[in-house]
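J.: Let me give you the structure first, and then I'll get to my questions.
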2 protein chains.
Amino acid sequence: MSNYHPLTEQEAIGIARSVPGIFGPEGELSCREIGDGNLNLVFHISQASTGASLIVKQALPYAKVVGESWPLSLDRARIESEALILEERFAPGLVPKVYHSDNDMALTVMEDLSSHVIMRQGLIEGGVYPLFAEHISDFLARTLFFTSDLGMNQQEKKLLTRSFVNPDLCKITEDLIFDHPYTNADTNSFDSHLQADAERLWSDQELHFEVARLREKFLTQAQALLHGDLHTGSIFITEQSTKVIDPEFAYFGPIGFDIGAVFANLLLHYASQEHWSADEASRKARRQYLTDTIGDIWHGFERKFRELWNEHGTDRIARTAEYQDDYMLRLLQDAAGFAGAKAVRRIVGLAHVADIDKIPDADVRAKAQRLALTIGTTLIKRNRQLTSIEEIIHIADSASRA
Amino acid sequence: MSNYHPLTEQEAIGIARSVPGIFGPEGELSCREIGDGNLNLVFHISQASTGASLIVKQALPYAKVVGESWPLSLDRARIESEALILEERFAPGLVPKVYHSDNDMALTVMEDLSSHVIMRQGLIEGGVYPLFAEHISDFLARTLFFTSDLGMNQQEKKLLTRSFVNPDLCKITEDLIFDHPYTNADTNSFDSHLQADAERLWSDQELHFEVARLREKFLTQAQALLHGDLHTGSIFITEQSTKVIDPEFAYFGPIGFDIGAVFANLLLHYASQEHWSADEASRKARRQYLTDTIGDIWHGFERKFRELWNEHGTDRIARTAEYQDDYMLRLLQDAAGFAGAKAVRRIVGLAHVADIDKIPDADVRAKAQRLALTIGTTLIKRNRQLTSIEEIIHIADSASRA
């Protein structure tokens with residue numbers, strides 16, 4: 001790592017220039033640093049004369065969150081670029097293309113997706129993405145199947161797990177999702193009107209028991225190579241295109257964790273409709289769109305995962321009668337449980353979501369927050385009893401009518 | 001690995017001589033190769049003048065089983081020596097001491113345990129080991145607890161899993177325990193009188209379903225660093241001392257797999273009493289001794305594992321009410337399921353056990369084999385319903401009376 005230093009804009013331009021096949025030989029390159037400065041430098045480099053552009057993303061050796069700074073392994077840049085390359089191989093067209101990477105400098109040069117918007121922002125602005133369920137269920141089914149023991153040679157998979165041992169980033173998840181929200185931790189952050197709600201989370205033994213089981217799965221169950229942080233802020237989108245970005249949390253974990261992350265963020269947006277919808281009818285319609293999307297994602301995922309299994313299954317024993325049904329049911333239950341944990345932490349934990357935090361009126365915000373907590377805790381408590389995606393949707397709709 | 005070559009006796013003596021603190025400065029060393037020649041060279045090196053001795057064990061780059069030879073990674077020697085060192089650290093006195101290791105030469109120099117006998121042979125000869133349950137439950141509780149997320153820092157554990165990625169040796173288990181016995185595989189080997197019994201195994205869908213679930217756990221559940229091959233041939237024993245050897249199958253897997261291996265081998269010996277006991281009364285007494293030992297191992301393991309958890313638990317969330325009970329119950333169920341799988345494969349799969357194979361009379365042998373198959377398949381099918389070690393013992397006793 002001795003080579004490592006944060007890039008200047010001029011250095012970023014030099015690296016961009018050296019990538020073959022993107023820019024014309026003549027014509028200035030201009031550079032803008034567009035990262036949020038918390039974890040990474042992100043240089044947008046473009047050539048006015050050709051319209052060509054790309055991104056140079058470089059990891060910083062620390063994370064800044066709410067004013068604090070803690071060291072964070074630069075190895076996450078290697079993990080991100082290797083994960084992007086694998087995801088492109090298994091789910092082509094659904095992640096930014098990687099043009100170049102340099103592990104010593106902790107940087108990845110990749111496709112510019114400026115024509116897309118961050119899905120969280122798009123949803124807040126009322127965006128509708130008719131192809132999203134199709135795209136994300138493709139991404140989930142293909143990346144998760146082909147990196148599991150079902151779709152990859154079991155010995156190759158073991159070697160691959162070694163490249164994706166990711167202690168620093170997993171620790172963030174273990175602390176912020178599977179621990180701190182359930183105790184009076186310093187890192188927690190919530191509106192003061194939620195004090196009693198938070199205290200109920202801290203003392204709810206039934207809830208803690210299920211969180212302990214979900215945490216155990218996150219710690220031990222190396223089912224497939226996860227994205228590991230698949231919220232709507234990690235998705236670039238247009239009406240026609242979906243691109244999953246930022247897999248720096250990638251590691252081999254439980255499949256339901258990625259699926260649950262998508263569900264949780266759609267459900268948080270569902271809860272935020274207390275504010276973003278202008279009236280009851282449009283709120284109802286918007287929520288219907290979101291729950292339809294959740295249903296379409298699960299049904300699409302399930303169908304595609306089963307098709308891949310039947311067509312490309314590498315494991316004779318996994319073709320045993322009933323086993324596939326049992327496996328898919330466990331994925332649904334895991335997805336529900338993890339979705340619940342991800343919803344809860346976005347209300348009382350360290351990192352929130354704009355969908356809810358940007359609601360200006362405190363009473364309306366509180367209503368959205370409590371709805372998210374109800375949906376989240378119900379999903380956690382009931383995850384092992386659920387048998388269909390419709391029950392998950394019913395939990396959200398019942399809570400919103402309560 | 002360019003340095004690697006199989007040692008001559010003279011080279012083994014030279015390596016032994018260079019280990020400090022074992023041999024006197026004067027006095028010839030003599031060397032005997034005592035390995036079975038299938039997987040490893042094992043040199044016993046001793047000094048008549050002092051009575052001192054040690055073992056030089058070197059991995060061979062292939063495995064020979066029933067005449068066939070296939071390549072096998074020399075990396076298993078590194079895994080074995082690193083596992084022995086960790087086991088000694090967590091469960092002192094229960095494994096041979098490692099004096100020296102050389103990964104390039106795939107060799108480990110370790111304590112000579114010639115004063116002990118291989119437990120399988122000791123049992124066949126009618127041996128009684130009053131401290132075994134105490135020792136092996138110590139070994140299991142301490143090695144498994146301290147390498148799990150319950151007893152080790154979760155980030156350290158992730159780094160350690162990387163050192164114990166063990167695809168070659170895991171593949172042997174995946175094939176020979178969790179696949180081949182349940183289909184008409186070339187590697188299977190069984191007495192012709194078992195043809196119908198084997199065919200029943202190949203077509204039993206209920207059995208296959210549970211085997212698929214156990215296989216999935218073996219492939220994905222990185223609970224703790226396992227020994228990975230803990231049968232009675234991997235245990236050196238006297239009445240006073242127990243030493244667990246040969247952890248070359250070590251990897252991070254489901255805790256119940258190691259516990260189940262011990263149970264399975266005691267149950268196979270239980271089944272073999274059709275021959276080794278002289279009469280009905282002594283058979284009953286011997287079986288009682290074996291099931292008492294199984295009960296003592298489980299109760300000892302459970303008590304010690306819980307004590308370690310309560311005293312040295314590294315995970316706040318794992319102290320959630322009910323979670324420990326739930327976790328221990330799942331370990332018991334896993335142990336039962338894995339014990340069943342290990343019993344079945346020793347009857348119809350590639351590698352058998354002397355306890356049963358050495359029964360000279362075919363009819364008596366068949367009775368023992370069928371008893372082992374009944375116990376094994378019952379444990380597999382019922383593993384997820386079991387709630388106590390007494391039920392496991394009851395399954396064996398009922399089968400033996402049928």
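Residue names in the structure tokens use chain letters A, B, ... in the order shown, residue numbers from 1 in each chain, and ligand numbers from 1 in the order shown.
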List the spatial neighbours of B:Asp363 as JSON, numbers by chain - criterion: any atom at most 12 Å away, only C-alpha atoms, same-chain residues fewer than 4 positions off excluded.

T.: {"B": [191, 192, 193, 194, 274, 275, 356, 359, 367, 368, 369, 370]}

J.: Show me which bits of chain B are within 10 Å of chain A, counting only C-alpha atoms, as an MDAnalysis selection string.

T.: chainID B and resid 148:150 154:171 174 178:180 182:183 205:213 215:217 219:224 252:254 315:324 326:327

J.: Can you tell me which residues surround stretch 346-351 of chain B at a distance of at most 6 Å, considering only C-alpha atoms, apart from same-chain residues fewer than 3 positions away, and format the answer as number ranges by chain?

T.: B: 181, 187-190, 343

J.: Please write the residues from the selection above to a file, keeping all heavy atoms, as a PDB file, in the first residue's frame.

T.:
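Saved as result-v4.pdb:
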```pdb
ATOM      1  N   PRO B 181     -23.275 -42.323  -1.156  1.00  0.00           N
ATOM      2  CA  PRO B 181     -24.061 -43.420  -0.563  1.00  0.00           C
ATOM      3  C   PRO B 181     -25.528 -43.435  -1.016  1.00  0.00           C
ATOM      4  O   PRO B 181     -26.205 -44.442  -0.857  1.00  0.00           O
ATOM      5  CB  PRO B 181     -23.979 -43.142   0.950  1.00  0.00           C
ATOM      6  CG  PRO B 181     -22.726 -42.338   1.108  1.00  0.00           C
ATOM      7  CD  PRO B 181     -22.653 -41.481  -0.123  1.00  0.00           C
ATOM      8  N   THR B 187     -17.763 -45.341  -6.546  1.00  0.00           N
ATOM      9  CA  THR B 187     -16.920 -45.405  -5.349  1.00  0.00           C
ATOM     10  C   THR B 187     -17.532 -46.244  -4.235  1.00  0.00           C
ATOM     11  O   THR B 187     -16.820 -46.621  -3.309  1.00  0.00           O
ATOM     12  CB  THR B 187     -16.696 -43.996  -4.775  1.00  0.00           C
ATOM     13  OG1 THR B 187     -17.975 -43.398  -4.572  1.00  0.00           O
ATOM     14  CG2 THR B 187     -15.861 -43.123  -5.697  1.00  0.00           C
ATOM     15  N   ASN B 188     -18.835 -46.462  -4.297  1.00  0.00           N
ATOM     16  CA  ASN B 188     -19.461 -47.245  -3.222  1.00  0.00           C
ATOM     17  C   ASN B 188     -18.867 -48.646  -3.163  1.00  0.00           C
ATOM     18  O   ASN B 188     -18.417 -49.194  -4.176  1.00  0.00           O
ATOM     19  CB  ASN B 188     -20.977 -47.358  -3.441  1.00  0.00           C
ATOM     20  CG  ASN B 188     -21.695 -46.060  -3.157  1.00  0.00           C
ATOM     21  OD1 ASN B 188     -21.185 -45.203  -2.436  1.00  0.00           O
ATOM     22  ND2 ASN B 188     -22.875 -45.908  -3.734  1.00  0.00           N
ATOM     23  N   SER B 189     -18.881 -49.202  -1.986  1.00  0.00           N
ATOM     24  CA  SER B 189     -18.323 -50.532  -1.790  1.00  0.00           C
ATOM     25  C   SER B 189     -19.093 -51.175  -0.644  1.00  0.00           C
ATOM     26  O   SER B 189     -19.173 -50.609   0.445  1.00  0.00           O
ATOM     27  CB  SER B 189     -16.842 -50.365  -1.449  1.00  0.00           C
ATOM     28  OG  SER B 189     -16.376 -51.461  -0.713  1.00  0.00           O
ATOM     29  N   PHE B 190     -19.706 -52.308  -0.924  1.00  0.00           N
ATOM     30  CA  PHE B 190     -20.441 -52.983   0.161  1.00  0.00           C
ATOM     31  C   PHE B 190     -20.567 -54.461  -0.154  1.00  0.00           C
ATOM     32  O   PHE B 190     -20.474 -54.887  -1.308  1.00  0.00           O
ATOM     33  CB  PHE B 190     -21.823 -52.349   0.380  1.00  0.00           C
ATOM     34  CG  PHE B 190     -22.642 -52.166  -0.860  1.00  0.00           C
ATOM     35  CD1 PHE B 190     -23.396 -53.211  -1.378  1.00  0.00           C
ATOM     36  CD2 PHE B 190     -22.640 -50.936  -1.533  1.00  0.00           C
ATOM     37  CE1 PHE B 190     -24.153 -53.050  -2.534  1.00  0.00           C
ATOM     38  CE2 PHE B 190     -23.391 -50.770  -2.696  1.00  0.00           C
ATOM     39  CZ  PHE B 190     -24.138 -51.815  -3.201  1.00  0.00           C
ATOM     40  N   ALA B 343     -22.727 -42.718   9.820  1.00  0.00           N
ATOM     41  CA  ALA B 343     -22.935 -44.153  10.018  1.00  0.00           C
ATOM     42  C   ALA B 343     -23.256 -44.832   8.682  1.00  0.00           C
ATOM     43  O   ALA B 343     -22.663 -45.847   8.325  1.00  0.00           O
ATOM     44  CB  ALA B 343     -24.051 -44.385  11.031  1.00  0.00           C
TER      45      ALA B 343
END
```

J.: Which residues come within 9 Å of B:Glu9, counting only C-alpha atoms, excluding same-chain residues fewer than 2 positions away, as a list of chain:residue names?

T.: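 Residues near the query, excluding close chain neighbours: B:Leu7, B:Glu11, B:Ala12, B:Ile13, B:Gly14, B:Ser30, B:Cys31, B:Arg32, B:Glu33, B:Phe43.
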
J.: When DSSP works through the backbone of this structure, what residues of stretch 228-259 of chain A end up as alpha helix (DSSP H), shown as a list in words?

T.: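 Reading the DSSP output for stretch 228-259 of chain A, alpha helix (DSSP H) covers Ile255, Gly256, Phe257, Asp258 and Ile259 of chain A.
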
J.: Considering only C-alpha atoms, state which residue in the set B:Leu373, B:Glu199, B:Ile79, B:Ser53 is at the smallest distance from B:Gly24.

T.: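 Result for the nearest residue to B:Gly24: B:Ser53.
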
J.: Which residues, written as a PDB file with N, CA, C and O atoms, in the first residue's frame, have at least one atom at most 9 Å from stretch 132-143 of chain A, with only C-alpha atoms counted and residues fewer than 2 positions away on the same chain left out?

T.:
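In the end it all went to part_33.pdb:
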```
ATOM      1  N   LEU A  86     -17.400  -9.776 -11.386  1.00  0.00           N
ATOM      2  CA  LEU A  86     -18.183 -11.014 -11.292  1.00  0.00           C
ATOM      3  C   LEU A  86     -19.655 -10.764 -11.595  1.00  0.00           C
ATOM      4  O   LEU A  86     -20.314 -11.561 -12.271  1.00  0.00           O
ATOM      5  N   GLU A  87     -20.189  -9.647 -11.087  1.00  0.00           N
ATOM      6  CA  GLU A  87     -21.605  -9.349 -11.321  1.00  0.00           C
ATOM      7  C   GLU A  87     -21.866  -9.123 -12.810  1.00  0.00           C
ATOM      8  O   GLU A  87     -22.880  -9.580 -13.351  1.00  0.00           O
ATOM      9  N   GLU A  88     -20.947  -8.449 -13.465  1.00  0.00           N
ATOM     10  CA  GLU A  88     -21.086  -8.243 -14.913  1.00  0.00           C
ATOM     11  C   GLU A  88     -21.045  -9.585 -15.645  1.00  0.00           C
ATOM     12  O   GLU A  88     -21.779  -9.805 -16.606  1.00  0.00           O
ATOM     13  N   ARG A  89     -20.206 -10.493 -15.160  1.00  0.00           N
ATOM     14  CA  ARG A  89     -20.099 -11.800 -15.810  1.00  0.00           C
ATOM     15  C   ARG A  89     -21.402 -12.589 -15.652  1.00  0.00           C
ATOM     16  O   ARG A  89     -21.882 -13.214 -16.596  1.00  0.00           O
ATOM     17  N   PHE A  90     -21.995 -12.535 -14.463  1.00  0.00           N
ATOM     18  CA  PHE A  90     -23.179 -13.361 -14.211  1.00  0.00           C
ATOM     19  C   PHE A  90     -24.478 -12.643 -14.577  1.00  0.00           C
ATOM     20  O   PHE A  90     -25.468 -13.294 -14.889  1.00  0.00           O
ATOM     21  N   ALA A  91     -24.481 -11.315 -14.514  1.00  0.00           N
ATOM     22  CA  ALA A  91     -25.709 -10.549 -14.789  1.00  0.00           C
ATOM     23  C   ALA A  91     -25.349  -9.389 -15.713  1.00  0.00           C
ATOM     24  O   ALA A  91     -25.402  -8.228 -15.314  1.00  0.00           O
ATOM     25  N   PRO A  92     -24.989  -9.707 -16.962  1.00  0.00           N
ATOM     26  CA  PRO A  92     -24.441  -8.666 -17.855  1.00  0.00           C
ATOM     27  C   PRO A  92     -25.395  -7.494 -18.047  1.00  0.00           C
ATOM     28  O   PRO A  92     -26.603  -7.676 -18.158  1.00  0.00           O
ATOM     29  N   LEU A  94     -26.109  -5.108 -15.932  1.00  0.00           N
ATOM     30  CA  LEU A  94     -26.812  -4.601 -14.751  1.00  0.00           C
ATOM     31  C   LEU A  94     -25.880  -3.926 -13.734  1.00  0.00           C
ATOM     32  O   LEU A  94     -26.333  -3.522 -12.664  1.00  0.00           O
ATOM     33  N   VAL A  95     -24.608  -3.792 -14.086  1.00  0.00           N
ATOM     34  CA  VAL A  95     -23.661  -3.047 -13.235  1.00  0.00           C
ATOM     35  C   VAL A  95     -22.793  -2.182 -14.159  1.00  0.00           C
ATOM     36  O   VAL A  95     -22.691  -2.450 -15.361  1.00  0.00           O
ATOM     37  N   VAL A 128     -41.487   6.352 -11.607  1.00  0.00           N
ATOM     38  CA  VAL A 128     -42.028   5.007 -11.791  1.00  0.00           C
ATOM     39  C   VAL A 128     -41.085   4.272 -12.729  1.00  0.00           C
ATOM     40  O   VAL A 128     -40.712   4.809 -13.783  1.00  0.00           O
ATOM     41  N   TYR A 129     -40.692   3.072 -12.345  1.00  0.00           N
ATOM     42  CA  TYR A 129     -39.676   2.331 -13.095  1.00  0.00           C
ATOM     43  C   TYR A 129     -40.235   0.983 -13.498  1.00  0.00           C
ATOM     44  O   TYR A 129     -40.087  -0.012 -12.778  1.00  0.00           O
ATOM     45  N   PRO A 130     -40.881   0.955 -14.655  1.00  0.00           N
ATOM     46  CA  PRO A 130     -41.631  -0.247 -15.030  1.00  0.00           C
ATOM     47  C   PRO A 130     -40.752  -1.482 -15.243  1.00  0.00           C
ATOM     48  O   PRO A 130     -41.253  -2.598 -15.137  1.00  0.00           O
ATOM     49  N   PHE A 145     -27.451 -17.026  -7.626  1.00  0.00           N
ATOM     50  CA  PHE A 145     -27.413 -18.439  -8.025  1.00  0.00           C
ATOM     51  C   PHE A 145     -26.000 -18.855  -8.448  1.00  0.00           C
ATOM     52  O   PHE A 145     -25.468 -19.868  -7.982  1.00  0.00           O
ATOM     53  N   PHE A 146     -25.390 -18.075  -9.324  1.00  0.00           N
ATOM     54  CA  PHE A 146     -24.120 -18.523  -9.915  1.00  0.00           C
ATOM     55  C   PHE A 146     -22.927 -18.437  -8.965  1.00  0.00           C
ATOM     56  O   PHE A 146     -21.846 -18.913  -9.292  1.00  0.00           O
ATOM     57  N   THR A 147     -23.113 -17.786  -7.814  1.00  0.00           N
ATOM     58  CA  THR A 147     -22.036 -17.797  -6.815  1.00  0.00           C
ATOM     59  C   THR A 147     -22.365 -18.690  -5.623  1.00  0.00           C
ATOM     60  O   THR A 147     -21.611 -18.720  -4.651  1.00  0.00           O
ATOM     61  N   SER A 148     -23.480 -19.414  -5.712  1.00  0.00           N
ATOM     62  CA  SER A 148     -23.839 -20.343  -4.631  1.00  0.00           C
ATOM     63  C   SER A 148     -23.340 -21.746  -4.972  1.00  0.00           C
ATOM     64  O   SER A 148     -22.941 -22.015  -6.109  1.00  0.00           O
ATOM     65  N   ALA A 224     -23.913 -17.398  -0.762  1.00  0.00           N
ATOM     66  CA  ALA A 224     -23.590 -16.852  -2.092  1.00  0.00           C
ATOM     67  C   ALA A 224     -22.885 -15.515  -1.908  1.00  0.00           C
ATOM     68  O   ALA A 224     -22.890 -14.939  -0.818  1.00  0.00           O
ATOM     69  N   LEU A 225     -22.270 -15.036  -2.984  1.00  0.00           N
ATOM     70  CA  LEU A 225     -21.616 -13.725  -2.943  1.00  0.00           C
ATOM     71  C   LEU A 225     -22.689 -12.639  -2.994  1.00  0.00           C
ATOM     72  O   LEU A 225     -23.348 -12.442  -4.011  1.00  0.00           O
ATOM     73  N   LEU A 226     -22.841 -11.945  -1.886  1.00  0.00           N
ATOM     74  CA  LEU A 226     -23.843 -10.875  -1.799  1.00  0.00           C
ATOM     75  C   LEU A 226     -23.275  -9.559  -2.314  1.00  0.00           C
ATOM     76  O   LEU A 226     -22.074  -9.326  -2.238  1.00  0.00           O
ATOM     77  N   HIS A 227     -24.171  -8.693  -2.762  1.00  0.00           N
ATOM     78  CA  HIS A 227     -23.825  -7.287  -2.914  1.00  0.00           C
ATOM     79  C   HIS A 227     -23.536  -6.707  -1.532  1.00  0.00           C
ATOM     80  O   HIS A 227     -22.554  -6.005  -1.330  1.00  0.00           O
ATOM     81  N   ILE A 237     -30.765   4.358 -11.929  1.00  0.00           N
ATOM     82  CA  ILE A 237     -31.934   3.897 -12.677  1.00  0.00           C
ATOM     83  C   ILE A 237     -32.421   4.916 -13.691  1.00  0.00           C
ATOM     84  O   ILE A 237     -32.205   6.134 -13.529  1.00  0.00           O
ATOM     85  N   THR A 238     -33.038   4.411 -14.757  1.00  0.00           N
ATOM     86  CA  THR A 238     -33.877   5.197 -15.661  1.00  0.00           C
ATOM     87  C   THR A 238     -35.111   4.328 -15.919  1.00  0.00           C
ATOM     88  O   THR A 238     -35.212   3.219 -15.387  1.00  0.00           O
ATOM     89  N   GLU A 239     -36.013   4.813 -16.736  1.00  0.00           N
ATOM     90  CA  GLU A 239     -37.158   3.961 -17.042  1.00  0.00           C
ATOM     91  C   GLU A 239     -36.744   2.694 -17.789  1.00  0.00           C
ATOM     92  O   GLU A 239     -37.392   1.657 -17.698  1.00  0.00           O
ATOM     93  N   GLN A 240     -35.628   2.806 -18.530  1.00  0.00           N
ATOM     94  CA  GLN A 240     -35.214   1.668 -19.353  1.00  0.00           C
ATOM     95  C   GLN A 240     -34.090   0.836 -18.746  1.00  0.00           C
ATOM     96  O   GLN A 240     -33.823  -0.269 -19.215  1.00  0.00           O
ATOM     97  N   SER A 241     -33.379   1.392 -17.778  1.00  0.00           N
ATOM     98  CA  SER A 241     -32.119   0.765 -17.378  1.00  0.00           C
ATOM     99  C   SER A 241     -31.955   0.750 -15.859  1.00  0.00           C
ATOM    100  O   SER A 241     -32.374   1.678 -15.161  1.00  0.00           O
ATOM    101  N   THR A 242     -31.357  -0.308 -15.359  1.00  0.00           N
ATOM    102  CA  THR A 242     -31.052  -0.438 -13.925  1.00  0.00           C
ATOM    103  C   THR A 242     -29.590  -0.833 -13.789  1.00  0.00           C
ATOM    104  O   THR A 242     -29.136  -1.781 -14.448  1.00  0.00           O
ATOM    105  N   LYS A 243     -28.849  -0.121 -12.951  1.00  0.00           N
ATOM    106  CA  LYS A 243     -27.447  -0.465 -12.725  1.00  0.00           C
ATOM    107  C   LYS A 243     -27.188  -0.489 -11.220  1.00  0.00           C
ATOM    108  O   LYS A 243     -27.418   0.510 -10.521  1.00  0.00           O
ATOM    109  N   VAL A 244     -26.706  -1.604 -10.757  1.00  0.00           N
ATOM    110  CA  VAL A 244     -26.397  -1.758  -9.329  1.00  0.00           C
ATOM    111  C   VAL A 244     -24.945  -1.351  -9.105  1.00  0.00           C
ATOM    112  O   VAL A 244     -24.048  -1.849  -9.786  1.00  0.00           O
ATOM    113  N   ILE A 255     -28.391 -15.430   1.207  1.00  0.00           N
ATOM    114  CA  ILE A 255     -29.024 -14.870   0.008  1.00  0.00           C
ATOM    115  C   ILE A 255     -30.142 -13.903   0.356  1.00  0.00           C
ATOM    116  O   ILE A 255     -30.299 -12.846  -0.270  1.00  0.00           O
ATOM    117  N   ASP A 258     -29.631  -9.839   0.609  1.00  0.00           N
ATOM    118  CA  ASP A 258     -29.718  -8.929  -0.544  1.00  0.00           C
ATOM    119  C   ASP A 258     -31.166  -8.677  -0.957  1.00  0.00           C
ATOM    120  O   ASP A 258     -31.555  -7.544  -1.255  1.00  0.00           O
ATOM    121  N   ILE A 259     -31.955  -9.733  -0.986  1.00  0.00           N
ATOM    122  CA  ILE A 259     -33.362  -9.588  -1.375  1.00  0.00           C
ATOM    123  C   ILE A 259     -34.079  -8.708  -0.352  1.00  0.00           C
ATOM    124  O   ILE A 259     -34.830  -7.788  -0.707  1.00  0.00           O
ATOM    125  N   VAL A 262     -33.572  -4.903  -0.709  1.00  0.00           N
ATOM    126  CA  VAL A 262     -34.422  -4.258  -1.715  1.00  0.00           C
ATOM    127  C   VAL A 262     -35.836  -4.065  -1.155  1.00  0.00           C
ATOM    128  O   VAL A 262     -36.400  -2.962  -1.224  1.00  0.00           O
ATOM    129  N   THR A 293     -44.490  -3.885  -7.010  1.00  0.00           N
ATOM    130  CA  THR A 293     -43.080  -4.063  -7.370  1.00  0.00           C
ATOM    131  C   THR A 293     -42.434  -5.135  -6.496  1.00  0.00           C
ATOM    132  O   THR A 293     -41.699  -6.003  -6.989  1.00  0.00           O
ATOM    133  N   ILE A 294     -42.719  -5.086  -5.188  1.00  0.00           N
ATOM    134  CA  ILE A 294     -42.175  -6.118  -4.284  1.00  0.00           C
ATOM    135  C   ILE A 294     -42.655  -7.506  -4.705  1.00  0.00           C
ATOM    136  O   ILE A 294     -41.874  -8.458  -4.789  1.00  0.00           O
ATOM    137  N   GLY A 295     -43.940  -7.616  -5.005  1.00  0.00           N
ATOM    138  CA  GLY A 295     -44.473  -8.904  -5.455  1.00  0.00           C
ATOM    139  C   GLY A 295     -43.802  -9.366  -6.744  1.00  0.00           C
ATOM    140  O   GLY A 295     -43.396 -10.527  -6.870  1.00  0.00           O
ATOM    141  N   ASP A 296     -43.667  -8.428  -7.689  1.00  0.00           N
ATOM    142  CA  ASP A 296     -43.038  -8.787  -8.970  1.00  0.00           C
ATOM    143  C   ASP A 296     -41.583  -9.198  -8.779  1.00  0.00           C
ATOM    144  O   ASP A 296     -41.073 -10.095  -9.468  1.00  0.00           O
ATOM    145  N   ILE A 297     -40.888  -8.512  -7.873  1.00  0.00           N
ATOM    146  CA  ILE A 297     -39.475  -8.866  -7.641  1.00  0.00           C
ATOM    147  C   ILE A 297     -39.385 -10.289  -7.098  1.00  0.00           C
ATOM    148  O   ILE A 297     -38.611 -11.105  -7.584  1.00  0.00           O
ATOM    149  N   TRP A 298     -40.189 -10.580  -6.069  1.00  0.00           N
ATOM    150  CA  TRP A 298     -40.099 -11.936  -5.506  1.00  0.00           C
ATOM    151  C   TRP A 298     -40.485 -12.995  -6.530  1.00  0.00           C
ATOM    152  O   TRP A 298     -39.770 -13.984  -6.725  1.00  0.00           O
ATOM    153  N   HIS A 299     -41.626 -12.784  -7.184  1.00  0.00           N
ATOM    154  CA  HIS A 299     -42.068 -13.821  -8.132  1.00  0.00           C
ATOM    155  C   HIS A 299     -41.062 -13.966  -9.275  1.00  0.00           C
ATOM    156  O   HIS A 299     -40.772 -15.079  -9.720  1.00  0.00           O
ATOM    157  N   GLY A 300     -40.529 -12.839  -9.737  1.00  0.00           N
ATOM    158  CA  GLY A 300     -39.506 -12.891 -10.792  1.00  0.00           C
ATOM    159  C   GLY A 300     -38.253 -13.597 -10.297  1.00  0.00           C
ATOM    160  O   GLY A 300     -37.713 -14.491 -10.960  1.00  0.00           O
ATOM    161  N   PHE A 301     -37.813 -13.206  -9.119  1.00  0.00           N
ATOM    162  CA  PHE A 301     -36.623 -13.850  -8.546  1.00  0.00           C
ATOM    163  C   PHE A 301     -36.837 -15.350  -8.407  1.00  0.00           C
ATOM    164  O   PHE A 301     -36.004 -16.159  -8.802  1.00  0.00           O
ATOM    165  N   GLU A 302     -37.953 -15.714  -7.831  1.00  0.00           N
ATOM    166  CA  GLU A 302     -38.189 -17.130  -7.560  1.00  0.00           C
ATOM    167  C   GLU A 302     -38.222 -17.939  -8.864  1.00  0.00           C
ATOM    168  O   GLU A 302     -37.588 -18.996  -8.970  1.00  0.00           O
ATOM    169  N   ARG A 303     -38.967 -17.405  -9.843  1.00  0.00           N
ATOM    170  CA  ARG A 303     -39.057 -18.124 -11.121  1.00  0.00           C
ATOM    171  C   ARG A 303     -37.680 -18.266 -11.761  1.00  0.00           C
ATOM    172  O   ARG A 303     -37.278 -19.355 -12.188  1.00  0.00           O
ATOM    173  N   LYS A 304     -36.927 -17.176 -11.803  1.00  0.00           N
ATOM    174  CA  LYS A 304     -35.621 -17.211 -12.467  1.00  0.00           C
ATOM    175  C   LYS A 304     -34.613 -18.080 -11.721  1.00  0.00           C
ATOM    176  O   LYS A 304     -33.848 -18.825 -12.327  1.00  0.00           O
ATOM    177  N   PHE A 305     -34.621 -17.972 -10.395  1.00  0.00           N
ATOM    178  CA  PHE A 305     -33.686 -18.770  -9.598  1.00  0.00           C
ATOM    179  C   PHE A 305     -33.977 -20.264  -9.802  1.00  0.00           C
ATOM    180  O   PHE A 305     -33.061 -21.074  -9.982  1.00  0.00           O
ATOM    181  N   ARG A 306     -35.259 -20.608  -9.814  1.00  0.00           N
ATOM    182  CA  ARG A 306     -35.632 -22.012 -10.045  1.00  0.00           C
ATOM    183  C   ARG A 306     -35.226 -22.462 -11.453  1.00  0.00           C
ATOM    184  O   ARG A 306     -34.769 -23.599 -11.639  1.00  0.00           O
ATOM    185  N   LEU A 308     -32.774 -21.277 -13.321  1.00  0.00           N
ATOM    186  CA  LEU A 308     -31.317 -21.437 -13.352  1.00  0.00           C
ATOM    187  C   LEU A 308     -30.919 -22.752 -12.678  1.00  0.00           C
ATOM    188  O   LEU A 308     -30.068 -23.501 -13.173  1.00  0.00           O
TER     189      LEU A 308
END
```

J.: Of the residues A:Pro247, A:Gly127, A:Pro25, A:Pro6, which is the one nearest to A:Pro61, using only C-alpha atoms?

T.: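 Under the stated criterion, the closest residue is A:Pro6.
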
J.: Suppose you want the space between atom CA of B:Gly126 and atom CA of B:Leu266; what is it in Å?

T.: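 Going from atom CA of B:Gly126 over to atom CA of B:Leu266, I get 12.8 Å.
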